[in-house]
Amino acid sequence: MKISIVALLFILATSICADEIPALINYQGRVTDATGAPLADGTYTMVFRIYASSGAPSPIWNSGKQDIAVSGGLFTYTLGSSVPLPHNIFDNLQRYLGIQVESDPEITPRTQFTTVPYTYWALKADTALFAKGLTESADAEYLRNTSDTLIGSLAFYGGSGNAGGIFMYPESAYLLLSTDGYIKVHLDGTDDGRLQLANNNDYVTTVLDADHYANGGGLQLFDNTGTSRINLRAGTSGNNSVILPDDAIDGDEILDEPGIAANSSPSYVSVTSTSEMIDIVTVDITIPAPGYVSVESHAVVNLQGTTGSNGGYLRIDRNEGGTIGDGEYVFLYYFAFASAGENYIPASVVRNYYLSTAGTYTFRLEAQLSGFSAGVMSVGHSYITAKYYPTSYGTVSAVSDVPQGIPGEEELVITNEQGESSTVYKVDLRELELQVKQAKIETQEAYIKQLELERQLEDAKRGNN
């Protein structure tokens with residue numbers, strides 16, 4: 001039999017979800033035979049298919065066989081009620097409906113889907129006009145649904161009528177954010193990325209440039225009058241790489257800067273012991289980090305009470321007491337004096353240390369009377385200075401009476417003023433600095449590994465969820 005269908009009504013389903021367009025479409029038609037008479041009342045098997053074009057060989061959606069009631073030639077079927085409609089099936093205007101009744105061939109021609117009121121509120125808009133009040137025309141700039149790409153510029157307008165934001169493609173891809181007509185944020189997508197921020201006085205206060213200063217990133221900060229105050233230039237070296245105001249940083253703000261501590265004692269201290277060092281003057285210094293402390297001391301030694309031999313020892317030490325065999329020292333000795341009265345001799349002592357931890361340290365000028373002295377000894381007008389340096393720029397040598405276990409340690413045999421031989425050990429304190437730096441690097445590497453393991457654990461937890 002020859003069957004034809006006349007579409008009487010084609011609308012979206014009336015139940016509407018607040019979040020999306022309904023996925024059901026009501027279709028109502030009238031089915032007739034070859035003479036135009038309605039089919040007899042009854043139930044007929046029908047198949048509904050949606051095609052991408054009027055002549056497409058295969059459908060993009062198929063309802064499968066459905067038992068449809070026909071009364072007076074009229075029938076109703078809801079597309080999507082048996083087999084769900086894909087959410088993007090109507091992402092193109094070229095969609096056609098084909099219907100097959102019983103075993104007859106599919107009715108021709110297919111019916112093209114047409115617009116209904118609900119489609120004006122689709123999940124995605126095909127066009128967005130460039131500015132409020134413009135109509136779509138050949139020269140209007142608007143957003144087209146072509147790979148979700150903006151063609152032309154797009155502006156956002158506030159209540160004052162001034163553009164609050166503009167995406168500008170033709171002018172080399174800018175993003176401008178404005179307030180009351182003044183540009184506050186300017187993101188430039190030209191050859192190299194650039195970000196400018198402006199204040200309420202319309203002065204640019206911050207410029208971040210990806211490749212402006214000699215092939216490297218740059219950051220400029222300006223005051224509220226537009227005067228450049230701070231420049232960071234990653235592509236340069238030397239003084240030009242960082243430019244700060246002269247008064248930007250004072251000594252208290254510099255991390256681990258060199259520092260000094262000093263103390264003095266004008267009084268004379270009598271030195272009578274021939275077996276132990278005694279303190280003459282001390283100084284405390286607090287260092288902020290591992291580094292070198294160079295200690296020097298100046299004093300006047302008074303040898304008196306004999307015209308025969310007289311002398312003593314001076315040294316700088318961290319520990320109280322001890323003997324001359326505990327470290328470096330200076331030996332003062334006179335075989336004979338013109339008189340037994342006061343004989344004043346200036347003396348200086350210097351000693352360098354490397355300290356591996358921050359903290360407060362005490363250094364002292366010590367003295368001991370020589371064991372073969374026939375007179376007396378006193379030390380006065382003493383001055384001691386401790387200076388901290390965070391790093392070295394060359395060899396920093398020191399001598400110890402005992403091995404220090406430092407790489408490059410040199411063993412030396414020396415003869416003292418009394419003709420006695422002893423062994424000392426000369427070291428370069430820079431080796432201790434390198435050891436501390438290596439330990440710091442290893443600690444940082446361990447911390448980075450810990451962070452990476454924690455990140456992997458979090459990623460694994462997210463994957464399991």
# chains A, B, ... in the order shown; residues from 1 in each chain; ligands from 1
call {"tool": "residues_around", "arguments": {"residues": "stretch 110-112 of chain A", "least_positions_apart": "5", "cutoff": "8 Å", "atoms": "only C-alpha atoms", "output": "JSON, numbers by chain"}}
result
{"A": [54, 94, 95, 96, 97, 98, 99]}
call {"tool": "residues_around", "arguments": {"residues": "A:Asp246", "least_positions_apart": "3", "cutoff": "12 Å", "atoms": "only C-alpha atoms", "output": "PyMOL selection string"}}
result
chain A and resi 229-230+242-243+249-250
call {"tool": "write_last_selection", "arguments": {"atoms": "N, CA, C and O atoms", "output": "short mmCIF file (atom, residue, chain, number, x, y, z; two decimals), in the first residue's frame"}}
result
data_model
loop_
_atom_site.label_atom_id
_atom_site.label_comp_id
_atom_site.auth_asym_id
_atom_site.auth_seq_id
_atom_site.Cartn_x
_atom_site.Cartn_y
_atom_site.Cartn_z
N ARG A 229 60.94 53.10 39.89
CA ARG A 229 61.62 52.95 41.17
C ARG A 229 62.43 51.66 41.26
O ARG A 229 63.50 51.64 41.83
N ILE A 230 61.90 50.57 40.72
CA ILE A 230 62.56 49.26 40.83
C ILE A 230 62.59 48.61 39.46
O ILE A 230 61.56 48.56 38.76
N VAL A 242 69.67 44.49 38.60
CA VAL A 242 68.74 44.88 39.66
C VAL A 242 68.98 46.35 39.98
O VAL A 242 70.09 46.73 40.36
N ILE A 243 67.96 47.17 39.82
CA ILE A 243 68.06 48.59 40.10
C ILE A 243 67.05 48.94 41.18
O ILE A 243 65.84 48.76 41.00
N ILE A 249 67.15 49.60 50.87
CA ILE A 249 67.53 48.55 51.80
C ILE A 249 68.60 49.08 52.74
O ILE A 249 69.60 49.65 52.29
N ASP A 250 68.40 48.91 54.03
CA ASP A 250 69.46 49.26 54.98
C ASP A 250 70.11 47.99 55.50
O ASP A 250 69.73 46.87 55.15
#
call {"tool": "atom_distance", "arguments": {"atom1": "atom CA of A:Asp401", "atom2": "atom CA of A:Tyr329"}}
result
11.0 Å
call {"tool": "residues_around", "arguments": {"residues": "A:Ser356", "least_positions_apart": "6", "cutoff": "9 Å", "atoms": "only C-alpha atoms", "output": "PyMOL selection string"}}
result
chain A and resi 289-292+432-433+436
call {"tool": "select_by_dssp", "arguments": {"residues": "stretch 25-74 of chain A", "states": "strand (DSSP E)", "output": "list in words"}}
result
Ile25, Asn26, Tyr27, Gln28, Gly29, Arg30, Val31, Thr32, Gly42, Thr43, Tyr44, Thr45, Met46, Val47, Phe48, Arg49, Ile50, Tyr51, Trp61, Asn62, Ser63, Gly64, Lys65, Gln66, Asp67, Ile68, Ala69, Val70 and Leu74 of chain A
call {"tool": "write_last_selection", "arguments": {"atoms": "N, CA and C atoms", "output": "compact mmCIF listing (two decimals), in the first residue's frame"}}
result
# COMPACT_ATOMS: atom_id res chain seq x y z
N ILE A 25 11.21 15.15 22.06
CA ILE A 25 10.51 15.95 21.05
C ILE A 25 9.21 15.23 20.68
N ASN A 26 8.09 15.94 20.83
CA ASN A 26 6.79 15.38 20.44
C ASN A 26 6.59 15.54 18.94
N TYR A 27 6.15 14.45 18.30
CA TYR A 27 5.85 14.51 16.86
C TYR A 27 4.44 13.98 16.65
N GLN A 28 3.62 14.77 15.95
CA GLN A 28 2.24 14.34 15.65
C GLN A 28 2.02 14.43 14.14
N GLY A 29 1.43 13.38 13.59
CA GLY A 29 1.21 13.37 12.14
C GLY A 29 -0.08 12.66 11.78
N ARG A 30 -0.37 12.71 10.50
CA ARG A 30 -1.58 12.06 9.96
C ARG A 30 -1.13 11.14 8.84
N VAL A 31 -1.49 9.85 8.94
CA VAL A 31 -1.06 8.86 7.98
C VAL A 31 -2.24 8.46 7.09
N THR A 32 -1.97 8.45 5.77
CA THR A 32 -3.03 8.13 4.80
C THR A 32 -2.53 7.07 3.84
N GLY A 42 -6.08 1.46 14.47
CA GLY A 42 -5.37 0.27 14.90
C GLY A 42 -3.95 0.60 15.32
N THR A 43 -3.17 -0.42 15.58
CA THR A 43 -1.77 -0.25 15.98
C THR A 43 -0.88 -0.66 14.84
N TYR A 44 0.07 0.21 14.52
CA TYR A 44 0.96 -0.03 13.41
C TYR A 44 2.42 0.05 13.91
N THR A 45 3.28 -0.76 13.27
CA THR A 45 4.71 -0.70 13.61
C THR A 45 5.36 0.40 12.79
N MET A 46 6.02 1.33 13.50
CA MET A 46 6.71 2.45 12.84
C MET A 46 8.15 2.55 13.35
N VAL A 47 9.03 3.06 12.49
CA VAL A 47 10.42 3.33 12.84
C VAL A 47 10.71 4.79 12.47
N PHE A 48 11.27 5.54 13.44
CA PHE A 48 11.61 6.95 13.24
C PHE A 48 13.13 7.07 13.19
N ARG A 49 13.63 7.79 12.17
CA ARG A 49 15.08 7.95 12.00
C ARG A 49 15.40 9.42 11.75
N ILE A 50 16.55 9.87 12.28
CA ILE A 50 17.02 11.23 12.05
C ILE A 50 18.29 11.14 11.21
N TYR A 51 18.34 11.97 10.14
CA TYR A 51 19.46 11.96 9.20
C TYR A 51 20.16 13.32 9.19
N TRP A 61 20.42 8.71 14.18
CA TRP A 61 19.63 8.25 15.33
C TRP A 61 18.49 7.39 14.80
N ASN A 62 18.15 6.35 15.57
CA ASN A 62 17.12 5.39 15.14
C ASN A 62 16.30 5.01 16.37
N SER A 63 14.99 5.11 16.25
CA SER A 63 14.11 4.80 17.39
C SER A 63 13.92 3.30 17.59
N GLY A 64 14.23 2.51 16.54
CA GLY A 64 13.86 1.11 16.58
C GLY A 64 12.35 0.96 16.31
N LYS A 65 11.88 -0.25 16.19
CA LYS A 65 10.46 -0.49 15.91
C LYS A 65 9.60 -0.10 17.10
N GLN A 66 8.56 0.70 16.84
CA GLN A 66 7.66 1.18 17.88
C GLN A 66 6.22 0.87 17.48
N ASP A 67 5.41 0.39 18.42
CA ASP A 67 3.98 0.15 18.17
C ASP A 67 3.24 1.44 18.43
N ILE A 68 2.69 2.03 17.37
CA ILE A 68 2.05 3.33 17.44
C ILE A 68 0.56 3.19 17.17
N ALA A 69 -0.26 3.76 18.05
CA ALA A 69 -1.73 3.73 17.88
C ALA A 69 -2.14 4.81 16.90
N VAL A 70 -3.00 4.43 15.93
CA VAL A 70 -3.52 5.36 14.93
C VAL A 70 -5.03 5.43 15.09
N LEU A 74 -4.65 9.81 12.74
CA LEU A 74 -3.74 10.60 13.55
C LEU A 74 -2.92 9.71 14.48
